[in-house]
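What's in my_file_14.txt: compact mmCIF, C-alpha atoms
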```txt
# COMPACT_ATOMS: atom_id res chain seq x y z
CA MET A 1 26.99 90.38 -37.02
CA ARG A 2 24.85 90.19 -33.92
CA ARG A 3 23.60 86.86 -32.59
CA ARG A 4 19.94 85.98 -32.98
CA ILE A 5 17.73 82.92 -33.20
CA GLY A 6 16.63 82.01 -36.73
CA VAL A 7 13.69 79.84 -37.69
CA VAL A 8 14.10 76.94 -40.12
CA VAL A 9 10.78 75.61 -41.36
CA LEU A 10 10.99 72.01 -42.67
CA VAL A 11 8.31 69.56 -43.69
CA GLY A 12 9.95 67.45 -41.15
CA LEU A 13 7.45 68.66 -38.23
CA PHE A 14 4.81 66.61 -40.02
CA ALA A 15 7.45 64.19 -41.23
CA PRO A 16 10.58 65.07 -43.05
CA ARG A 17 10.13 64.42 -44.59
CA THR A 18 9.94 65.68 -46.23
CA PRO A 19 11.81 66.29 -43.14
CA GLY A 20 10.56 66.91 -45.18
CA VAL A 21 10.42 66.08 -43.88
CA ALA A 22 10.45 66.12 -44.99
CA LEU A 23 9.93 67.08 -44.13
CA ALA A 24 8.67 67.85 -43.05
CA ASP A 25 9.54 68.26 -40.29
CA HIS A 26 9.65 72.84 -38.37
CA GLU A 27 12.61 73.18 -36.14
CA MET A 28 14.43 76.19 -34.77
CA ALA A 29 18.15 76.78 -35.23
CA MET A 30 20.65 79.25 -33.82
CA SER A 31 21.98 81.54 -36.52
CA ASP A 32 24.60 84.30 -36.62
CA HIS A 33 24.53 85.23 -40.27
CA GLN A 34 21.55 87.56 -40.78
CA HIS A 35 20.75 91.08 -39.64
CA ALA A 36 17.19 91.60 -38.49
CA ASP A 37 16.47 94.09 -41.32
CA SER A 38 18.00 92.03 -44.13
CA SER A 39 16.51 89.35 -46.36
CA GLU A 40 17.84 85.82 -46.65
CA VAL A 41 17.11 83.19 -49.28
CA SER A 42 17.94 79.54 -48.66
CA VAL A 43 17.96 76.48 -50.86
CA GLY A 44 18.04 73.00 -49.40
CA LEU A 45 18.03 69.34 -50.25
CA SER A 46 16.90 66.49 -48.02
CA MET A 47 17.41 62.78 -48.72
CA GLU A 48 15.82 59.95 -46.77
CA ALA A 49 15.59 56.17 -46.77
CA ALA A 50 13.18 54.18 -44.61
CA ALA A 51 11.81 50.73 -43.91
CA PHE A 52 8.20 50.23 -42.80
CA SER A 53 6.05 47.34 -41.62
CA THR A 54 2.33 47.68 -40.86
CA MET A 55 -0.57 45.24 -40.64
CA LEU A 56 -1.17 45.58 -44.39
CA GLU A 57 2.08 46.80 -45.93
CA VAL A 58 5.78 46.05 -45.71
CA GLY A 59 8.59 47.55 -47.70
CA THR A 60 10.97 50.47 -48.08
CA TYR A 61 11.06 53.91 -49.63
CA GLN A 62 13.67 56.47 -50.62
CA GLY A 63 13.01 60.14 -51.14
CA ILE A 64 14.64 63.38 -52.18
CA ALA A 65 13.09 66.75 -51.33
CA PRO A 66 14.35 70.11 -52.64
CA SER A 67 13.26 73.19 -50.71
CA LEU A 68 13.28 76.96 -51.08
CA GLY A 69 13.02 79.43 -48.22
CA TRP A 70 12.89 83.17 -47.62
CA MET A 71 13.23 85.17 -44.41
CA ARG A 72 13.23 88.85 -43.52
CA GLY A 73 13.24 90.02 -39.94
CA ARG A 74 10.42 88.29 -38.10
CA PHE A 75 8.72 86.81 -41.18
CA GLY A 76 9.52 83.94 -43.49
CA ALA A 77 8.15 81.39 -45.92
CA SER A 78 9.26 78.12 -47.45
CA ALA A 79 8.15 75.45 -49.91
CA THR A 80 9.21 71.83 -50.36
CA VAL A 81 8.11 68.73 -52.25
CA GLY A 82 9.31 65.13 -52.07
CA LEU A 83 10.10 62.76 -54.94
CA TYR A 84 9.93 59.09 -53.95
CA HIS A 85 10.69 55.52 -54.87
CA LEU A 86 8.28 53.33 -52.91
CA ASN A 87 8.55 49.54 -52.70
CA GLU A 88 5.28 48.36 -51.16
CA ASN A 89 4.56 44.63 -50.84
CA GLY A 90 6.94 43.98 -53.73
CA LEU A 91 5.44 46.66 -56.02
CA SER A 92 7.90 49.36 -57.12
CA ILE A 93 6.48 52.88 -57.59
CA TYR A 94 8.10 56.21 -58.51
CA GLY A 95 6.27 59.48 -57.96
CA MET A 96 5.87 62.89 -56.39
CA GLY A 97 4.67 63.40 -52.83
CA ASP A 98 2.50 66.22 -51.50
CA THR A 99 3.79 69.79 -51.66
CA MET A 100 4.16 71.77 -48.43
CA VAL A 101 4.08 75.59 -48.28
CA THR A 102 4.71 77.33 -44.96
CA GLY A 103 4.58 80.87 -43.64
CA HIS A 104 5.87 81.78 -40.18
CA ALA A 105 6.26 84.81 -37.96
CA THR A 106 8.30 85.46 -34.83
CA VAL A 107 6.25 86.98 -32.01
CA VAL A 108 8.79 86.99 -29.16
CA ALA A 109 12.52 87.39 -29.78
CA THR A 110 15.34 87.90 -27.30
CA GLU A 111 18.92 86.68 -27.15
CA ALA A 112 17.83 83.62 -25.16
CA VAL A 113 14.17 82.98 -26.06
CA MET A 114 12.16 82.96 -29.26
CA ALA A 115 8.55 82.03 -30.01
CA GLY A 116 6.13 82.43 -32.87
CA VAL A 117 3.41 81.05 -35.10
CA ALA A 118 3.39 79.13 -38.36
CA LEU A 119 0.84 78.06 -40.95
CA HIS A 120 1.50 74.98 -43.08
CA MET A 121 -0.60 74.17 -46.13
CA MET A 122 -0.16 70.92 -48.03
CA ALA A 123 -1.33 70.51 -51.62
CA PRO A 124 -2.30 66.98 -52.76
CA THR A 125 0.28 66.63 -55.54
CA GLY A 126 1.03 63.03 -54.51
CA SER A 127 -1.13 60.09 -55.54
CA GLU A 128 -3.41 58.87 -52.74
CA PHE A 129 -3.90 55.52 -54.49
CA GLN A 130 -0.14 54.90 -54.71
CA ASN A 131 0.35 55.82 -51.01
CA LEU A 132 2.37 58.92 -51.95
CA GLY A 133 -0.14 61.59 -50.90
CA MET A 134 -3.06 62.38 -48.60
CA GLY A 135 -5.48 63.05 -51.43
CA HIS A 136 -6.73 66.21 -49.69
CA VAL A 137 -5.56 69.74 -48.96
CA MET A 138 -4.20 69.90 -45.40
CA VAL A 139 -4.12 73.04 -43.23
CA MET A 140 -1.85 72.96 -40.18
CA PRO A 141 -1.39 76.02 -37.93
CA SER A 142 1.12 75.71 -35.11
CA LEU A 143 2.88 77.50 -32.25
CA TRP A 144 6.63 77.08 -31.74
CA GLY A 145 9.16 78.22 -29.20
CA GLY A 146 12.67 77.66 -27.99
CA GLY A 147 15.40 78.83 -25.69
CA ARG A 148 19.16 78.84 -25.54
CA SER A 149 21.41 78.69 -22.51
CA HIS A 150 25.14 78.59 -23.11
CA ARG A 151 25.61 75.69 -25.54
CA LEU A 152 22.20 74.06 -25.09
CA THR A 153 19.21 74.84 -27.31
CA ILE A 154 15.73 73.46 -26.51
CA THR A 155 12.77 73.68 -28.91
CA ALA A 156 9.11 72.65 -28.88
CA SER A 157 5.98 73.08 -30.98
CA ALA A 158 2.28 72.31 -30.85
CA GLY A 159 -0.19 72.43 -33.70
CA TYR A 160 -3.42 71.30 -35.26
CA GLY A 161 -3.80 69.56 -38.61
CA ARG A 162 -7.00 69.12 -40.59
CA ALA A 163 -7.86 67.84 -44.02
CA LEU A 164 -10.27 70.03 -45.98
CA THR A 165 -12.72 67.21 -46.61
CA ALA A 166 -15.78 65.56 -45.08
CA LEU A 167 -14.23 63.98 -41.99
CA GLY A 168 -17.36 62.01 -41.15
CA SER A 169 -17.46 60.22 -44.49
CA GLY A 170 -16.54 56.55 -44.36
CA HIS A 171 -14.79 56.95 -47.70
CA HIS A 172 -12.27 59.31 -46.12
CA ASP A 173 -11.56 57.37 -42.92
CA HIS A 174 -8.24 55.96 -44.11
CA GLY A 175 -6.38 56.25 -40.79
CA LEU A 176 -2.69 57.11 -41.08
CA ALA A 177 -1.65 57.85 -44.66
CA PRO A 178 0.32 58.05 -46.88
CA LEU A 179 3.13 55.56 -46.27
CA VAL A 180 5.86 58.11 -47.04
CA ASP A 181 4.43 60.75 -44.68
CA PRO A 182 1.69 59.32 -42.43
CA MET A 183 -0.78 61.58 -40.65
CA ASN A 184 -4.42 61.59 -39.58
CA LEU A 185 -7.19 63.53 -41.29
CA GLN A 186 -7.57 65.57 -38.10
CA GLU A 187 -5.00 65.62 -35.31
CA LEU A 188 -3.04 67.54 -32.73
CA THR A 189 0.67 67.64 -33.50
CA TRP A 190 3.64 68.13 -31.21
CA SER A 191 7.44 68.11 -31.24
CA ALA A 192 10.28 68.56 -28.76
CA GLY A 193 14.02 68.59 -29.25
CA ALA A 194 17.38 69.60 -27.82
CA ALA A 195 20.79 70.28 -29.35
CA LEU A 196 24.19 70.80 -27.76
CA ASP A 197 27.03 72.80 -29.33
CA VAL A 198 30.17 70.71 -29.01
CA GLY A 199 32.49 73.14 -30.78
CA HIS A 200 33.94 73.64 -34.26
CA GLY A 201 30.48 74.26 -35.71
CA VAL A 202 29.13 70.85 -34.63
CA GLN A 203 25.84 70.20 -32.82
CA VAL A 204 24.51 66.90 -31.47
CA GLY A 205 21.03 66.29 -30.18
CA GLY A 206 17.72 64.56 -30.58
CA ARG A 207 14.05 65.18 -31.13
CA THR A 208 10.67 63.48 -31.01
CA LEU A 209 7.55 64.29 -33.05
CA GLY A 210 4.04 62.95 -33.22
CA GLY A 211 0.33 63.39 -33.70
CA ILE A 212 -2.78 62.56 -31.65
CA PRO A 213 -5.97 61.95 -33.66
CA ILE A 214 -9.15 63.90 -33.08
CA GLY A 215 -12.00 61.47 -33.62
CA THR A 216 -11.05 58.39 -35.62
CA GLY A 217 -7.40 57.71 -36.32
CA HIS A 218 -4.20 56.47 -34.76
CA THR A 219 -1.60 58.04 -32.49
CA ARG A 220 1.75 58.33 -34.24
CA ALA A 221 5.19 59.21 -32.93
CA PHE A 222 8.85 58.86 -33.83
CA GLY A 223 12.13 60.00 -32.37
CA GLY A 224 15.81 59.99 -33.17
CA GLY A 225 19.28 61.42 -32.79
CA ARG A 226 20.94 64.05 -34.93
CA VAL A 227 24.35 65.54 -35.67
CA ALA A 228 24.78 68.75 -37.66
CA TRP A 229 27.73 70.84 -38.70
CA GLY A 230 28.62 73.73 -40.96
CA SER A 231 29.18 77.45 -41.30
CA PRO A 232 26.78 80.41 -41.17
CA ARG A 233 26.17 79.97 -44.93
CA LEU A 234 26.16 76.19 -45.35
CA THR A 235 24.80 73.62 -42.90
CA THR A 236 24.50 69.84 -43.13
CA GLY A 237 22.79 67.37 -40.83
CA LEU A 238 22.37 63.62 -40.42
CA GLU A 239 19.54 62.03 -38.44
CA LEU A 240 18.60 58.47 -37.54
CA GLN A 241 14.95 58.02 -36.57
CA PHE A 242 12.90 55.17 -35.10
CA GLY A 243 9.14 54.64 -35.09
CA ILE A 244 7.62 54.73 -31.60
CA ALA A 245 3.85 54.51 -32.18
CA GLY A 246 1.48 54.22 -35.10
CA ASP A 247 3.94 52.44 -37.44
CA PRO A 248 5.18 55.61 -39.23
CA PHE A 249 8.25 53.54 -40.16
CA THR A 250 10.57 51.04 -38.52
CA ILE A 251 13.76 53.01 -39.12
CA ARG A 252 14.59 56.02 -41.24
CA GLY A 253 17.80 57.85 -42.09
CA VAL A 254 17.78 61.49 -43.19
CA ALA A 255 20.57 63.61 -44.67
CA GLU A 256 19.96 67.29 -45.40
CA THR A 257 21.94 70.33 -46.41
CA SER A 258 21.01 73.99 -46.88
CA LEU A 259 22.74 77.01 -48.37
CA HIS A 260 21.87 80.55 -47.22
CA PHE A 261 22.32 83.68 -49.32
```
Once you've parsed the file, please lay out its structure as structure tokens.
Amino acid sequence: MRRRIGVVVLVGLFAPRTPGVALADHEMAMSDHQHADSSEVSVGLSMEAAAFSTMLEVGTYQGIAPSLGWMRGRFGASATVGLYHLNENGLSIYGMGDTMVTGHATVVATEAVMAGVALHMMAPTGSEFQNLGMGHVMVMPSLWGGGRSHRLTITASAGYGRALTALGSGHHDHGLAPLVDPMNLQELTWSAGAALDVGHGVQVGGRTLGGIPIGTGHTRAFGGGRVAWGSPRLTTGLELQFGIAGDPFTIRGVAETSLHF
């Protein structure tokens, strides 16, 4: 099998959240298990637990997000949705979050450098009134890229997110929402990360992600450290994240695993 750079699209760019996230939550990962002309299907599961404290809300939430992905050559797609238990100001709520569907394409691909485009679309399957969803369809195109030198991999992305609603309406100016995956109704998004291969299939690294509002809204950002390990077919990762700006959460832990066929 020849070495290439694979693309893993997680809800984690916009918050794992669903690192989905989600997560939501895309990153790039080095992969040795797929030929360029073959298809690959992946199934994944992400679990997260977080504590948050804002001017109006305080509490915790736990989430689990199954995902399904497909990739062939330079093209791929994925879908993920989070299921949550939210404890907000003493009120306990169980429910589904928003559903994220992503398509991506690789534009530049060499042994050391890879870059491409992605389009994320989020369906409002989560309840806006229970702080589990945006309440609007979101469209989020982005550019991503990365490079690898010896054992070090560096990745970055930049994108634009917009709710398909009347942005000027006072009814829709809810700032960052929902609690389990906060974002603005219109914003520029960014991410940057690095990972180091330490041997025996183990990588350690860190990343930071955020969003800058266009018009009304709030700047948001979080960062954290990560360790991942596995084989070409099965990978597992653990991440500890901290809120930096915009009160996305105080602290959040994420565990995720994916199986490739």
- request: Step by step: start from the point (4.6, 67.5, -49.0) in the file's coordinates, keep every protein, DNA or RNA residue that has an atom no farther than 7 Å from it, count only C-alpha atoms, and write the set as a list in words.
  value: Val11, Thr18, Thr80, Val81, Gly82, Gly97, Asp98, Thr99, Met100 and Met122 of chain A
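Across the model, the gap from CA of Gln241 in chain A to CA of His260 in chain A is 25.9 Å.
Taking only C-alpha atoms into account, Arg233 in chain A lies nearest to A:Ser42 out of the set A:Ser42, A:Ser149, A:Ser191, A:Ser142.
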field: Residue nearest Val101 in chain A among A:Leu68, A:Leu132, A:Leu179, A:Val113 (counting only C-alpha atoms)
entry: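 Among the listed residues, the smallest separation from Val101 in chain A belongs to A:Leu68.
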task: Measuring atom to atom with all atoms listed in the file, identify which of A:Pro178, A:Gly210, A:Gly230, A:Gly237 is nearest to Leu45 in chain A.
output: A:Gly237
- prompt: Using all atoms listed in the file, which of the listed residues (A:Pro232, A:Gly224, A:Gly159, A:Gly126) sits closest to Phe261 in chain A?
  reply: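 Closest to Phe261 in chain A of all the choices is A:Pro232.
Computed from the coordinates, the CA of His200 in chain A to CA of Glu111 in chain A distance equals 21.1 Å.
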message: Please list as an MDAnalysis selection string every residue within 6 Å of Ala105 in chain A, counting all atoms listed in the file and excluding residues in the same chain fewer than 3 positions away.
response: chainID A and resid 74:75 116:117
Nearby residues (all atoms listed in the file) at most 7 Å from Gly223 in chain A, same-chain spacing under 5 positions excluded, as a tab-separated table (two decimals) with C-alpha atoms, in the frame of the given file:
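Listed below is the output, around-v3.tsv:
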```tsv
chain	number	residue	atom	x	y	z
A	207	ARG	CA	14.05	65.18	-31.13
A	208	THR	CA	10.67	63.48	-31.01
A	209	LEU	CA	7.55	64.29	-33.05
A	241	GLN	CA	14.95	58.02	-36.57
A	242	PHE	CA	12.90	55.17	-35.10
A	243	GLY	CA	9.14	54.64	-35.09
A	244	ILE	CA	7.62	54.73	-31.60
```
- request: Between A:Asn184, A:Thr110, A:Thr153, A:Thr216, single out the one closest to Val198 in chain A, counting all atoms listed in the file.
  value: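 Among the listed residues, the smallest separation from Val198 in chain A belongs to A:Thr153.
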- request: Record the distance separating CA of Leu143 in chain A and CA of Ala158 in chain A, expressed in Å with one decimal.
  value: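 Separation between CA of Leu143 in chain A and CA of Ala158 in chain A: 5.4 Å.
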- prompt: At most 8 Å from (7.7, 73.0, -26.4), file frame, only C-alpha atoms: which residues, as a count of residues only?
  reply: 10
field: Leu240 in chain A environment, 7 Å, only C-alpha atoms, sequence neighbours closer than 5 positions dropped, as a count of residues only
entry: 6
Quick one: residues within 10 Å of Ser127 in chain A, only C-alpha atoms, excluding same-chain residues fewer than 2 positions away - as a short mmCIF file (atom, residue, chain, number, x, y, z; two decimals) with C-alpha atoms, in the frame of the given file?
```cif
data_model
loop_
_atom_site.label_atom_id
_atom_site.label_comp_id
_atom_site.auth_asym_id
_atom_site.auth_seq_id
_atom_site.Cartn_x
_atom_site.Cartn_y
_atom_site.Cartn_z
CA GLY A 95 6.27 59.48 -57.96
CA MET A 96 5.87 62.89 -56.39
CA GLY A 97 4.67 63.40 -52.83
CA ASP A 98 2.50 66.22 -51.50
CA PRO A 124 -2.30 66.98 -52.76
CA THR A 125 0.28 66.63 -55.54
CA PHE A 129 -3.90 55.52 -54.49
CA GLN A 130 -0.14 54.90 -54.71
CA ASN A 131 0.35 55.82 -51.01
CA LEU A 132 2.37 58.92 -51.95
CA GLY A 133 -0.14 61.59 -50.90
CA MET A 134 -3.06 62.38 -48.60
CA GLY A 135 -5.48 63.05 -51.43
CA PRO A 178 0.32 58.05 -46.88
#
```
